[in-house]
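Here the structure is laid out as structure tokens; the discussion comes afterwards.
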Amino acid sequence: ALMFRADGGVVIGGGIALRIASFISLAQLRQRFAHKGRFSGWLESLPLSILLSPNAALRGAAHAYAAHFQESVASNQLDARRPQQVIRN
């Protein structure tokens, strides 16, 4: 959060999140996260979440692919109205 100035908040995910969620509460994590000297006030204001879905990365990749595919389809439809340039050997 400090290095990248994560104003939108911090989400802890992946394998580490699943491991720590069983033995640390979000309140304890928040306290340890925000206790950083002169940055404490700013860090306390940031949203902090633990992502427990084991398929979150896969879902995100699928969403990004779908968004790209829809954008690609839309741009191809626009290109179909214009004459196509053909490259021949």
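A note on labels: chains of the structure tokens are A, B, ... as shown, every chain counts residues from 1, and ligands are counted from 1 in their shown order.
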Find the residues near Ile12 of chain A: any atom within 6 Å, counting only C-alpha atoms, skip ones fewer than 5 places away on the same chain, and give them as a PyMOL selection string. chain A and resi 17+50-51
When you draw a straight line from atom CA of Gly9 of chain A to atom CA of Glu44 of chain A, how long is it in Å?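 Atom CA of Glu44 of chain A lies 10.2 Å from atom CA of Gly9 of chain A.
With distances restricted to only C-alpha atoms, A:Leu52 is the closest residue to Ile16 of chain A from A:Ala34, A:Ala61, A:Leu52, A:Leu29.
Pairwise distance (atom CA of Arg38 of chain A, atom CA of Ile24 of chain A) equals 24.6 Å.
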Could you please write out, as a count of residues only, every residue of segment 16-74 of chain A that DSSP assigns to helix (DSSP H, G or I)? 42
May I ask for the distance between atom CA of Ala6 of chain A and atom CA of Ala64 of chain A, given in Å to one decimal place?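 Taking atom CA of Ala6 of chain A as the start and atom CA of Ala64 of chain A as the end point, the length is 21.3 Å.
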Nearest residue to Ala27 of chain A from the set A:Ala56, A:Met3, A:Leu48, A:Ala66 (distances using only C-alpha atoms):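 Answer, going by the shortest atom-to-atom distance: A:Leu48.
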Residue neighbourhood Asp7 of chain A, 12 Å, only C-alpha atoms, exclusion window fewer than 5 positions, as number ranges by chain: A: 1-2, 42-48
Take the residues that were just selected and, keeping N, CA, C and O atoms, output them as an mmCIF file, in the first residue's frame.
data_model
loop_
_atom_site.group_PDB
_atom_site.id
_atom_site.type_symbol
_atom_site.label_atom_id
_atom_site.label_comp_id
_atom_site.auth_asym_id
_atom_site.auth_seq_id
_atom_site.Cartn_x
_atom_site.Cartn_y
_atom_site.Cartn_z
ATOM 1 N N ALA A 1 0.827 -1.193 0.000
ATOM 2 C CA ALA A 1 0.000 0.000 0.000
ATOM 3 C C ALA A 1 0.868 1.252 0.000
ATOM 4 O O ALA A 1 0.573 2.198 -0.710
ATOM 5 N N LEU A 2 1.919 1.230 0.784
ATOM 6 C CA LEU A 2 2.790 2.404 0.848
ATOM 7 C C LEU A 2 3.585 2.584 -0.433
ATOM 8 O O LEU A 2 3.707 3.692 -0.947
ATOM 9 N N TRP A 42 -3.224 7.490 7.412
ATOM 10 C CA TRP A 42 -3.599 7.213 6.025
ATOM 11 C C TRP A 42 -3.964 5.744 5.850
ATOM 12 O O TRP A 42 -4.966 5.413 5.210
ATOM 13 N N LEU A 43 -3.170 4.845 6.417
ATOM 14 C CA LEU A 43 -3.429 3.414 6.273
ATOM 15 C C LEU A 43 -4.735 3.000 6.944
ATOM 16 O O LEU A 43 -5.424 2.098 6.459
ATOM 17 N N GLU A 44 -5.095 3.647 8.043
ATOM 18 C CA GLU A 44 -6.363 3.335 8.707
ATOM 19 C C GLU A 44 -7.560 3.681 7.833
ATOM 20 O O GLU A 44 -8.617 3.066 7.949
ATOM 21 N N SER A 45 -7.396 4.651 6.931
ATOM 22 C CA SER A 45 -8.501 5.071 6.075
ATOM 23 C C SER A 45 -8.690 4.160 4.858
ATOM 24 O O SER A 45 -9.712 4.233 4.186
ATOM 25 N N LEU A 46 -7.716 3.299 4.575
ATOM 26 C CA LEU A 46 -7.806 2.424 3.399
ATOM 27 C C LEU A 46 -8.688 1.207 3.668
ATOM 28 O O LEU A 46 -8.591 0.595 4.728
ATOM 29 N N PRO A 47 -9.507 0.825 2.696
ATOM 30 C CA PRO A 47 -10.238 -0.433 2.826
ATOM 31 C C PRO A 47 -9.254 -1.603 2.780
ATOM 32 O O PRO A 47 -8.298 -1.587 2.002
ATOM 33 N N LEU A 48 -9.467 -2.597 3.603
ATOM 34 C CA LEU A 48 -8.624 -3.785 3.655
ATOM 35 C C LEU A 48 -9.526 -5.004 3.622
ATOM 36 O O LEU A 48 -10.457 -5.107 4.417
#
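For the set A:His35, A:Leu18, A:Arg30, A:Gln70, the residue with the smallest atom-to-atom gap to Ser49 of chain A is A:Arg30, counting only C-alpha atoms.
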